[in-house]
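Okay, entry_22.tsv now, which holds TSV, C-alpha atoms:
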chain	number	residue	atom	x	y	z
S	181	MET	CA	-16.70	-68.93	-223.18
S	182	ARG	CA	-18.22	-72.35	-222.85
S	183	ARG	CA	-14.77	-73.88	-222.41
S	184	ALA	CA	-13.76	-71.27	-219.81
S	185	ALA	CA	-16.44	-72.25	-217.33
S	186	PRO	CA	-14.92	-75.61	-216.29
S	187	ILE	CA	-11.52	-73.93	-215.93
S	188	LEU	CA	-12.98	-71.21	-213.71
S	189	VAL	CA	-14.68	-73.87	-211.59
S	190	LEU	CA	-11.39	-75.74	-211.28
S	191	VAL	CA	-9.49	-72.60	-210.30
S	192	ALA	CA	-12.15	-71.67	-207.76
S	193	GLY	CA	-11.97	-75.16	-206.30
S	194	LEU	CA	-8.20	-74.98	-205.99
S	195	LEU	CA	-8.41	-71.59	-204.30
S	196	ALA	CA	-11.00	-72.89	-201.84
S	197	ALA	CA	-8.84	-75.91	-201.06
S	198	LEU	CA	-5.83	-73.66	-200.53
S	199	LEU	CA	-7.77	-71.41	-198.15
S	200	TRP	CA	-9.05	-74.47	-196.24
S	201	TRP	CA	-5.53	-75.88	-195.96
S	202	GLN	CA	-4.24	-72.59	-194.57
S	203	ARG	CA	-6.99	-72.52	-191.93
S	204	ALA	CA	-6.93	-76.22	-191.09
S	205	PRO	CA	-5.60	-77.00	-187.59
S	206	THR	CA	-2.32	-78.83	-187.49
S	207	ALA	CA	-0.73	-80.62	-184.58
S	208	PRO	CA	2.07	-78.50	-183.15
S	209	SER	CA	5.52	-79.98	-183.25
S	210	PRO	CA	6.79	-80.51	-179.68
S	211	GLU	CA	10.32	-79.68	-180.81
S	212	ARG	CA	9.22	-76.30	-182.19
S	213	SER	CA	6.65	-75.35	-179.59
S	214	PHE	CA	7.90	-76.44	-176.20
S	215	ALA	CA	11.50	-77.64	-176.45
S	216	ASP	CA	12.58	-74.70	-174.30
S	217	ILE	CA	10.70	-76.04	-171.24
S	218	SER	CA	13.23	-77.85	-169.08
S	219	LYS	CA	11.99	-80.97	-167.34
S	220	ILE	CA	12.47	-82.79	-164.05
S	221	ASP	CA	11.94	-86.55	-164.18
S	222	VAL	CA	11.03	-87.68	-160.66
S	223	HIS	CA	11.35	-91.42	-161.40
S	224	VAL	CA	14.35	-92.99	-163.12
S	225	HIS	CA	16.63	-95.91	-162.28
S	226	VAL	CA	20.38	-95.63	-162.83
S	227	PRO	CA	23.36	-97.48	-161.30
S	228	PRO	CA	26.15	-95.20	-160.05
S	229	THR	CA	28.55	-96.33	-162.77
S	230	LEU	CA	26.16	-95.04	-165.47
S	231	VAL	CA	25.04	-91.77	-163.87
S	232	SER	CA	27.28	-89.62	-166.07
S	233	ASN	CA	26.08	-91.30	-169.28
S	234	ALA	CA	22.46	-91.18	-168.13
S	235	SER	CA	22.67	-87.49	-167.26
S	236	ARG	CA	23.98	-86.62	-170.72
S	237	LEU	CA	21.31	-88.72	-172.42
S	238	LEU	CA	18.44	-87.25	-170.40
S	239	LYS	CA	19.67	-83.73	-171.03
S	240	GLN	CA	19.59	-84.40	-174.77
S	241	HIS	CA	15.84	-84.87	-174.36
S	242	GLY	CA	15.27	-81.80	-172.22
S	243	ILE	CA	15.43	-83.53	-168.82
S	244	ARG	CA	17.81	-81.40	-166.78
S	245	LEU	CA	17.23	-83.01	-163.39
S	246	ALA	CA	16.16	-86.57	-162.55
S	247	PHE	CA	15.65	-88.42	-159.27
S	248	ASN	CA	17.20	-91.86	-159.05
S	249	ALA	CA	14.79	-94.39	-157.53
S	250	SER	CA	17.59	-96.99	-157.38
S	251	GLY	CA	19.47	-94.95	-154.80
S	252	GLY	CA	20.32	-97.75	-152.40
S	253	HIS	CA	20.46	-98.10	-148.62
S	254	PRO	CA	22.71	-96.21	-146.23
S	255	GLY	CA	25.93	-98.21	-146.23
S	256	GLN	CA	24.73	-100.18	-149.27
S	257	GLY	CA	24.93	-98.05	-152.38
S	258	LEU	CA	23.46	-94.73	-151.30
S	259	ALA	CA	26.79	-92.98	-150.83
S	260	ALA	CA	28.01	-94.13	-154.25
S	261	ASN	CA	24.87	-92.84	-155.96
S	262	ALA	CA	25.04	-89.53	-154.11
S	263	ALA	CA	28.69	-89.08	-155.09
S	264	ALA	CA	27.92	-89.95	-158.71
S	265	SER	CA	25.21	-87.28	-158.74
S	266	GLU	CA	27.56	-84.68	-157.32
S	267	ALA	CA	29.98	-85.48	-160.13
S	268	VAL	CA	27.30	-84.33	-162.63
S	269	ARG	CA	26.49	-81.13	-160.73
S	270	GLY	CA	23.69	-82.71	-158.73
S	271	ALA	CA	21.68	-83.73	-161.80
S	272	LEU	CA	20.74	-87.24	-160.56
S	273	PRO	CA	20.19	-87.23	-156.78
S	274	PRO	CA	19.03	-90.50	-155.26
S	275	TYR	CA	16.08	-91.68	-153.26
S	276	CYS	CA	16.96	-94.09	-150.45
S	277	HIS	CA	15.48	-97.41	-149.34
S	278	LEU	CA	14.60	-99.22	-146.12
S	279	ASP	CA	14.76	-102.94	-145.45
S	280	TRP	CA	11.18	-103.86	-144.55
S	281	ARG	CA	12.25	-107.36	-143.48
S	282	TYR	CA	13.12	-105.87	-140.11
S	283	ALA	CA	9.65	-104.44	-139.54
S	284	GLY	CA	8.52	-105.06	-135.97
S	285	ALA	CA	11.92	-106.27	-134.75
S	286	PRO	CA	13.01	-105.06	-131.29
S	287	ASP	CA	15.38	-102.46	-132.78
S	288	TRP	CA	13.07	-101.52	-135.69
S	289	GLU	CA	12.36	-97.97	-134.54
S	290	ASN	CA	16.03	-97.27	-133.92
S	291	TYR	CA	16.96	-98.73	-137.31
S	292	VAL	CA	14.40	-96.52	-139.08
S	293	GLN	CA	15.52	-93.35	-137.35
S	294	GLN	CA	19.21	-93.96	-137.99
S	295	ALA	CA	18.70	-95.06	-141.60
S	296	LEU	CA	16.47	-92.14	-142.58
S	297	SER	CA	18.73	-89.64	-140.82
S	298	ALA	CA	21.62	-91.05	-142.86
S	299	CYS	CA	19.50	-90.77	-146.01
S	300	ARG	CA	18.89	-87.10	-145.32
S	301	ALA	CA	22.52	-86.41	-144.46
S	302	GLN	CA	23.74	-88.08	-147.67
S	303	GLY	CA	21.48	-85.97	-149.88
S	304	ALA	CA	18.59	-88.33	-150.60
S	305	VAL	CA	15.53	-86.56	-152.04
S	306	GLY	CA	13.09	-89.06	-150.60
S	307	LEU	CA	12.24	-92.62	-149.63
S	308	LYS	CA	11.42	-95.03	-152.47
S	309	ILE	CA	9.08	-97.91	-151.66
S	310	PHE	CA	8.80	-100.76	-154.13
S	311	LYS	CA	5.76	-102.93	-154.75
S	312	ALA	CA	7.28	-105.72	-152.63
S	313	LEU	CA	5.65	-103.91	-149.71
S	314	GLY	CA	2.19	-105.42	-149.97
S	315	LEU	CA	3.20	-108.12	-152.46
S	316	GLY	CA	6.49	-109.60	-151.27
S	317	TYR	CA	7.59	-109.14	-147.69
S	318	ARG	CA	6.12	-111.79	-145.40
S	319	THR	CA	5.41	-111.94	-141.70
S	320	PRO	CA	4.17	-114.88	-139.62
S	321	GLU	CA	0.66	-113.54	-140.25
S	322	GLY	CA	1.05	-113.32	-144.02
S	323	LEU	CA	2.15	-110.61	-146.43
S	324	LEU	CA	3.31	-107.38	-144.84
S	325	ALA	CA	0.54	-104.92	-145.68
S	326	VAL	CA	1.17	-101.39	-146.90
S	327	ASP	CA	-0.82	-100.04	-143.94
S	328	ASP	CA	0.60	-102.35	-141.25
S	329	PRO	CA	0.77	-100.23	-138.04
S	330	ARG	CA	4.28	-101.49	-137.32
S	331	LEU	CA	5.49	-99.37	-140.23
S	332	ASP	CA	4.02	-96.10	-138.95
S	333	VAL	CA	7.33	-94.94	-137.50
S	334	ALA	CA	8.99	-95.03	-140.93
S	335	PHE	CA	6.40	-92.80	-142.57
S	336	GLU	CA	6.26	-90.41	-139.63
S	337	GLU	CA	10.04	-90.10	-139.58
S	338	ALA	CA	10.18	-89.54	-143.36
S	339	GLY	CA	7.73	-86.69	-142.95
S	340	ARG	CA	9.64	-85.19	-140.03
S	341	LEU	CA	12.84	-85.19	-142.09
S	342	GLY	CA	11.15	-83.78	-145.20
S	343	LEU	CA	11.74	-86.91	-147.29
S	344	VAL	CA	9.12	-87.37	-150.01
S	345	VAL	CA	7.77	-90.94	-150.10
S	346	LEU	CA	7.68	-92.26	-153.67
S	347	ILE	CA	5.49	-95.35	-153.31
S	348	HIS	CA	4.68	-98.09	-155.81
S	349	THR	CA	1.72	-100.13	-154.61
S	350	GLY	CA	0.21	-102.98	-156.59
S	351	ASP	CA	0.64	-103.17	-160.35
S	352	PRO	CA	-1.48	-102.95	-163.52
S	353	LYS	CA	-4.93	-104.51	-163.22
S	354	ALA	CA	-4.08	-106.98	-165.96
S	355	PHE	CA	-1.39	-108.52	-163.74
S	356	PHE	CA	-4.12	-109.61	-161.33
S	357	GLU	CA	-6.04	-111.41	-164.10
S	358	ALA	CA	-5.36	-114.82	-165.61
S	359	PRO	CA	-2.14	-114.72	-167.70
S	360	THR	CA	-3.82	-116.26	-170.73
S	361	PRO	CA	-3.64	-115.15	-174.38
S	362	ASP	CA	-6.77	-113.02	-173.97
S	363	ASN	CA	-5.03	-110.94	-171.29
S	364	GLU	CA	-4.12	-107.68	-173.05
S	365	ARG	CA	-0.68	-107.72	-171.43
S	366	TYR	CA	-0.03	-111.37	-172.13
S	367	ALA	CA	3.30	-110.71	-173.92
S	368	GLU	CA	4.61	-108.78	-170.92
S	369	LEU	CA	3.49	-111.49	-168.50
S	370	GLN	CA	5.05	-114.17	-170.68
S	371	ALA	CA	8.35	-112.31	-170.51
S	372	HIS	CA	8.00	-111.78	-166.74
S	373	PRO	CA	5.94	-114.61	-165.18
S	374	SER	CA	6.71	-113.36	-161.66
S	375	TRP	CA	4.69	-110.21	-162.42
S	376	SER	CA	1.46	-112.22	-162.36
S	377	PHE	CA	-0.54	-111.96	-159.13
S	378	TYR	CA	-3.32	-114.26	-160.23
S	379	GLY	CA	-4.12	-117.46	-158.36
S	380	PRO	CA	-2.25	-118.75	-155.30
S	381	ARG	CA	1.08	-117.37	-154.19
S	382	PRO	CA	4.17	-119.62	-154.29
S	383	ASP	CA	3.72	-120.19	-150.55
S	384	GLY	CA	0.12	-121.26	-151.05
S	385	GLY	CA	-1.50	-118.09	-149.74
S	386	GLU	CA	-3.76	-115.75	-151.67
S	387	TRP	CA	-2.63	-112.55	-153.33
S	388	PRO	CA	-4.42	-109.39	-152.25
S	389	SER	CA	-6.65	-107.95	-154.94
S	390	TRP	CA	-5.77	-104.86	-156.96
S	391	ARG	CA	-8.38	-102.88	-155.05
S	392	ASP	CA	-7.28	-104.23	-151.65
S	393	LEU	CA	-3.81	-102.81	-152.28
S	394	LEU	CA	-5.18	-99.41	-153.29
S	395	ASP	CA	-7.28	-99.35	-150.12
S	396	GLN	CA	-4.15	-100.11	-148.06
S	397	LEU	CA	-2.36	-97.23	-149.76
S	398	ASP	CA	-5.31	-94.91	-149.14
S	399	ARG	CA	-5.28	-95.70	-145.43
S	400	ARG	CA	-1.50	-95.28	-145.26
S	401	ILE	CA	-1.59	-91.80	-146.82
S	402	GLY	CA	-4.45	-90.71	-144.58
S	403	ARG	CA	-2.59	-91.78	-141.44
S	404	HIS	CA	0.34	-89.37	-142.04
S	405	PRO	CA	-0.96	-85.93	-143.05
S	406	GLN	CA	2.45	-84.31	-142.43
S	407	THR	CA	4.23	-86.66	-144.86
S	408	THR	CA	4.23	-86.02	-148.61
S	409	PHE	CA	3.39	-89.15	-150.64
S	410	LEU	CA	4.16	-89.36	-154.34
S	411	GLY	CA	2.04	-92.05	-155.96
S	412	ALA	CA	4.16	-93.82	-158.56
S	413	HIS	CA	2.73	-94.78	-161.94
S	414	PHE	CA	-0.14	-92.27	-161.99
S	415	GLY	CA	-1.10	-92.93	-158.41
S	416	ASN	CA	-0.87	-96.70	-158.97
S	417	ALA	CA	-4.31	-96.67	-160.62
S	418	PRO	CA	-4.04	-95.33	-164.19
S	419	GLU	CA	-6.94	-97.57	-165.21
S	420	GLU	CA	-9.26	-95.56	-162.94
S	421	PRO	CA	-8.49	-91.82	-163.05
S	422	ALA	CA	-11.67	-91.12	-161.06
S	423	LEU	CA	-10.28	-93.20	-158.18
S	424	VAL	CA	-6.99	-91.30	-158.36
S	425	GLY	CA	-8.92	-88.04	-158.30
S	426	ARG	CA	-10.85	-89.09	-155.20
S	427	MET	CA	-7.59	-89.90	-153.41
S	428	LEU	CA	-6.11	-86.54	-154.41
S	429	ASP	CA	-9.23	-84.79	-153.14
S	430	ALA	CA	-9.14	-86.70	-149.85
S	431	HIS	CA	-5.43	-86.23	-149.13
S	432	PRO	CA	-3.78	-82.81	-149.53
S	433	ASN	CA	-0.42	-84.53	-148.82
S	434	TYR	CA	-0.75	-86.73	-151.93
S	435	VAL	CA	0.71	-86.04	-155.37
S	436	ILE	CA	1.20	-88.39	-158.32
S	437	GLU	CA	3.68	-88.95	-161.15
S	438	THR	CA	3.27	-90.29	-164.69
S	439	GLY	CA	6.09	-92.86	-164.88
S	440	ALA	CA	5.52	-95.76	-167.31
S	441	ARG	CA	1.77	-95.14	-167.55
S	442	ILE	CA	1.34	-92.92	-170.62
S	443	PRO	CA	0.19	-96.03	-172.53
S	444	GLU	CA	-2.62	-96.55	-170.01
S	445	ILE	CA	-3.78	-92.98	-169.39
S	446	GLY	CA	-3.49	-92.28	-173.11
S	447	ARG	CA	-6.30	-94.77	-173.78
S	448	HIS	CA	-8.84	-92.72	-171.87
S	449	ASN	CA	-11.05	-90.08	-173.46
S	450	PRO	CA	-8.65	-87.19	-174.20
S	451	GLU	CA	-11.16	-84.51	-173.20
S	452	GLN	CA	-11.67	-86.16	-169.83
S	453	MET	CA	-7.94	-86.59	-169.30
S	454	ARG	CA	-7.27	-82.98	-170.29
S	455	ALA	CA	-9.84	-81.92	-167.69
S	456	PHE	CA	-8.14	-84.17	-165.11
S	457	PHE	CA	-4.72	-82.68	-165.78
S	458	ARG	CA	-6.10	-79.17	-165.61
S	459	ARG	CA	-7.97	-79.80	-162.36
S	460	TYR	CA	-4.90	-81.34	-160.70
S	461	ARG	CA	-2.25	-79.34	-162.53
S	462	ASP	CA	-0.45	-78.62	-159.24
S	463	ARG	CA	-0.55	-82.26	-158.07
S	464	ILE	CA	0.90	-84.12	-161.08
S	465	LEU	CA	4.66	-84.54	-161.57
S	466	PHE	CA	6.46	-85.71	-164.67
S	467	GLY	CA	8.10	-89.15	-164.50
S	468	THR	CA	9.10	-91.80	-167.03
S	469	ASP	CA	10.52	-94.76	-165.06
S	470	THR	CA	13.41	-94.84	-167.53
S	471	GLN	CA	16.00	-97.42	-166.53
S	472	VAL	CA	19.57	-97.11	-167.74
S	473	ILE	CA	21.30	-100.45	-167.40
S	474	PRO	CA	24.52	-102.00	-168.70
S	475	GLY	CA	24.07	-102.60	-172.42
S	476	GLY	CA	20.82	-100.73	-172.90
S	477	PHE	CA	17.62	-99.41	-171.39
S	478	VAL	CA	14.24	-100.36	-170.02
S	479	LEU	CA	11.83	-97.79	-171.42
S	480	GLY	CA	8.77	-98.11	-169.21
S	481	SER	CA	8.85	-101.90	-169.40
S	482	ALA	CA	10.67	-104.56	-171.38
S	483	GLY	CA	10.09	-107.91	-172.98
S	484	THR	CA	12.70	-110.62	-173.20
S	485	ASP	CA	15.17	-108.16	-174.76
S	486	ILE	CA	16.26	-104.82	-173.34
S	487	ASP	CA	15.72	-101.63	-175.33
S	488	THR	CA	18.56	-100.24	-177.42
S	489	ILE	CA	19.56	-96.61	-177.78
S	490	ASP	CA	17.81	-96.22	-181.12
S	491	ARG	CA	14.48	-96.62	-179.30
S	492	VAL	CA	15.11	-93.75	-176.90
S	493	PRO	CA	14.09	-90.79	-179.12
S	494	ALA	CA	10.72	-92.34	-179.99
S	495	PHE	CA	10.09	-93.12	-176.33
S	496	PHE	CA	10.50	-89.51	-175.24
S	497	HIS	CA	8.82	-88.06	-178.33
S	498	ALA	CA	5.68	-90.07	-177.59
S	499	HIS	CA	5.56	-88.43	-174.14
S	500	TRP	CA	5.83	-84.92	-175.58
S	501	ARG	CA	3.24	-85.76	-178.22
S	502	TYR	CA	0.80	-86.97	-175.55
S	503	PHE	CA	1.16	-83.93	-173.32
S	504	GLU	CA	1.59	-81.24	-175.97
S	505	THR	CA	-0.56	-82.10	-178.99
S	506	ASN	CA	-4.11	-83.05	-179.87
S	507	ASP	CA	-2.92	-85.84	-182.17
S	508	ARG	CA	-5.07	-88.96	-182.29
S	509	ASP	CA	-4.36	-92.68	-182.66
S	510	PHE	CA	-0.58	-92.62	-182.42
S	511	ALA	CA	1.81	-95.19	-180.99
S	512	HIS	CA	2.42	-95.09	-177.26
S	513	PRO	CA	5.97	-95.13	-175.84
S	514	THR	CA	6.15	-98.74	-174.57
S	515	PRO	CA	4.88	-101.31	-177.11
S	516	ILE	CA	5.31	-104.31	-174.79
S	517	GLN	CA	2.61	-102.86	-172.51
S	518	GLY	CA	-0.15	-103.44	-175.04
S	519	ASP	CA	-1.32	-103.25	-178.64
S	520	TRP	CA	-3.30	-100.02	-178.77
S	521	THR	CA	-2.90	-96.37	-179.70
S	522	ILE	CA	-3.29	-93.22	-177.60
S	523	ASP	CA	-4.64	-89.68	-177.98
S	524	GLY	CA	-2.89	-86.46	-177.00
S	525	ILE	CA	-4.34	-84.00	-174.49
S	526	GLY	CA	-2.84	-80.75	-175.80
S	527	LEU	CA	-2.00	-78.95	-172.57
S	528	GLU	CA	-1.22	-75.23	-172.53
S	529	ARG	CA	2.23	-73.89	-171.76
S	530	ALA	CA	1.52	-72.92	-168.14
S	531	GLU	CA	0.07	-76.38	-167.49
S	532	LEU	CA	3.08	-78.04	-169.10
S	533	GLU	CA	5.50	-75.99	-167.03
S	534	ALA	CA	3.69	-77.01	-163.84
S	535	ILE	CA	3.82	-80.71	-164.69
S	536	TYR	CA	7.24	-80.75	-166.34
S	537	PHE	CA	9.19	-79.01	-163.56
S	538	ARG	CA	7.46	-76.47	-161.29
S	539	ASN	CA	5.55	-79.03	-159.21
S	540	ALA	CA	8.70	-81.09	-158.66
S	541	GLU	CA	10.65	-78.00	-157.62
S	542	ARG	CA	7.98	-77.18	-155.05
S	543	VAL	CA	7.41	-80.70	-153.71
S	544	PHE	CA	11.09	-81.66	-153.45
S	545	GLY	CA	12.58	-78.24	-152.80
S	546	ARG	CA	15.10	-78.87	-155.57
S	547	ARG	CA	15.84	-76.65	-158.53
S	548	ILE	CA	17.26	-77.52	-161.89
S	549	PRO	CA	21.06	-77.19	-161.62
S	550	PRO	CA	22.81	-74.61	-163.81
S	551	ASP	CA	24.56	-75.79	-166.94
S	552	ALA	CA	28.21	-76.65	-166.58
S	553	PRO	CA	30.55	-73.89	-167.82
S	554	SER	CA	31.46	-74.20	-171.48
S	555	GLU	CA	34.93	-75.47	-172.13
S	556	PRO	CA	37.28	-72.93	-173.75
Just give me the structure of the file as structure tokens.
Amino acid sequence: MRRAAPILVLVAGLLAALLWWQRAPTAPSPERSFADISKIDVHVHVPPTLVSNASRLLKQHGIRLAFNASGGHPGQGLAANAAASEAVRGALPPYCHLDWRYAGAPDWENYVQQALSACRAQGAVGLKIFKALGLGYRTPEGLLAVDDPRLDVAFEEAGRLGLVVLIHTGDPKAFFEAPTPDNERYAELQAHPSWSFYGPRPDGGEWPSWRDLLDQLDRRIGRHPQTTFLGAHFGNAPEEPALVGRMLDAHPNYVIETGARIPEIGRHNPEQMRAFFRRYRDRILFGTDTQVIPGGFVLGSAGTDIDTIDRVPAFFHAHWRYFETNDRDFAHPTPIQGDWTIDGIGLERAELEAIYFRNAERVFGRRIPPDAPSEP
């Protein structure tokens, strides 16, 4: 009997461990739990020659509809991108662009009206505005500001025609800081020196500050309440979710997308970010900023080398893991953006459906196209 006691203790311990293991919470597998939720990616970049390949690749990862932010101008690429989308059953419709160099010219208003009407007629889902507005286009007075009154006609006309304005203003905060080794995005800035907005501009002028650009965007959105604005890259301010929330509260015509900013928002307290996503569940759209280019990909951002196809599954899986699990300290989808880990926010199914596709269907008035008929 004396020898039996240690054995009984061991058995009891094993049973207790087994019961604990059965009760212990485990992170759900995105593939098992939510693979059936189709997705709309509102921010990708694809040339017309690669639309068919891109559509197949995105569909492999559950993305059934994607909006091509490299759609081109009327008469300069838009028609080719629209035709390429039609060839894949409308799975990659384009945004269109305007040439802001003409802002304020005598025929500016006529140009805007004709160009945006052509965009609408050729099937564009919206107007894409790149960060060069505010950081690149110059006027005799200096950089052309996001809220320059001469541009009002473009935003009013986009709203009248029902074109969503996907707008990228500014860039990560780190790009406005000295590009020295202590900058957390030093590797990215080394690979892309032109992405630094620290110090004097090449023409000798001063760059606007990160906050100046956000203020310009805020004023622009407020000036056009009948136009829907889609703030690229988590409202262009993923470092400050509270600021994004204040802009969403102030502007009912403002929604945001997540493209290329999971690394940044994933650094914030997961409970606070879960609360943010739940509060604004009807105002956040899914985006990745995936770029399909000849010979490879740009998955959120790139260093000196482009991403290869073997990196694609991990890129998308990190997105699903962020949205769908409560995992902690895992690798984010775009290593070049910084050396840190992120925490998942474990959204519920109804919240995921809103962000993954329902919000995009409502905002853009586009539905996921049916699957192509199976070949006999």
Under the rule that only C-alpha atoms are counted, which of S:Pro274, S:Gly545, S:Gly339, S:Pro450 is the nearest residue to His404 of chain S?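 For His404 of chain S, the nearest of the candidates is S:Gly339.
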Have a look at atom CA of Ala430 of chain S and atom CA of Ile464 of chain S and let me know their distance in Å, one decimal. 15.3 Å
Smallest atom-to-atom distance to Glu386 of chain S: which of S:Leu230, S:Val435, S:Leu323, S:Leu428, using all atoms listed in the file?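 Distance minimum relative to Glu386 of chain S lands on S:Leu323.
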Between S:Leu369, S:Cys276, S:Leu479, S:Leu393, which has the minimum distance to Leu343 of chain S (counting only C-alpha atoms)? S:Cys276
Please, what distance in Å, to one decimal, runs between atom CA of Glu364 of chain S and atom CA of Gly483 of chain S?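 Separation of atom CA of Glu364 of chain S and atom CA of Gly483 of chain S: 14.2 Å.
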Centre, x/y/z edge lengths, axis-aligned box for segment 518-528 of chain S with 3 Å per side, as lines of an AutoDock Vina configuration file:
center_x = -2.4
center_y = -89.3
center_z = -176.1
size_x = 10.5
size_y = 34.2
size_z = 13.2
Using only C-alpha atoms, which of S:Lys353, S:Ile436, S:Tyr460, S:Ala304 sits nearest Gly257 of chain S? S:Ala304
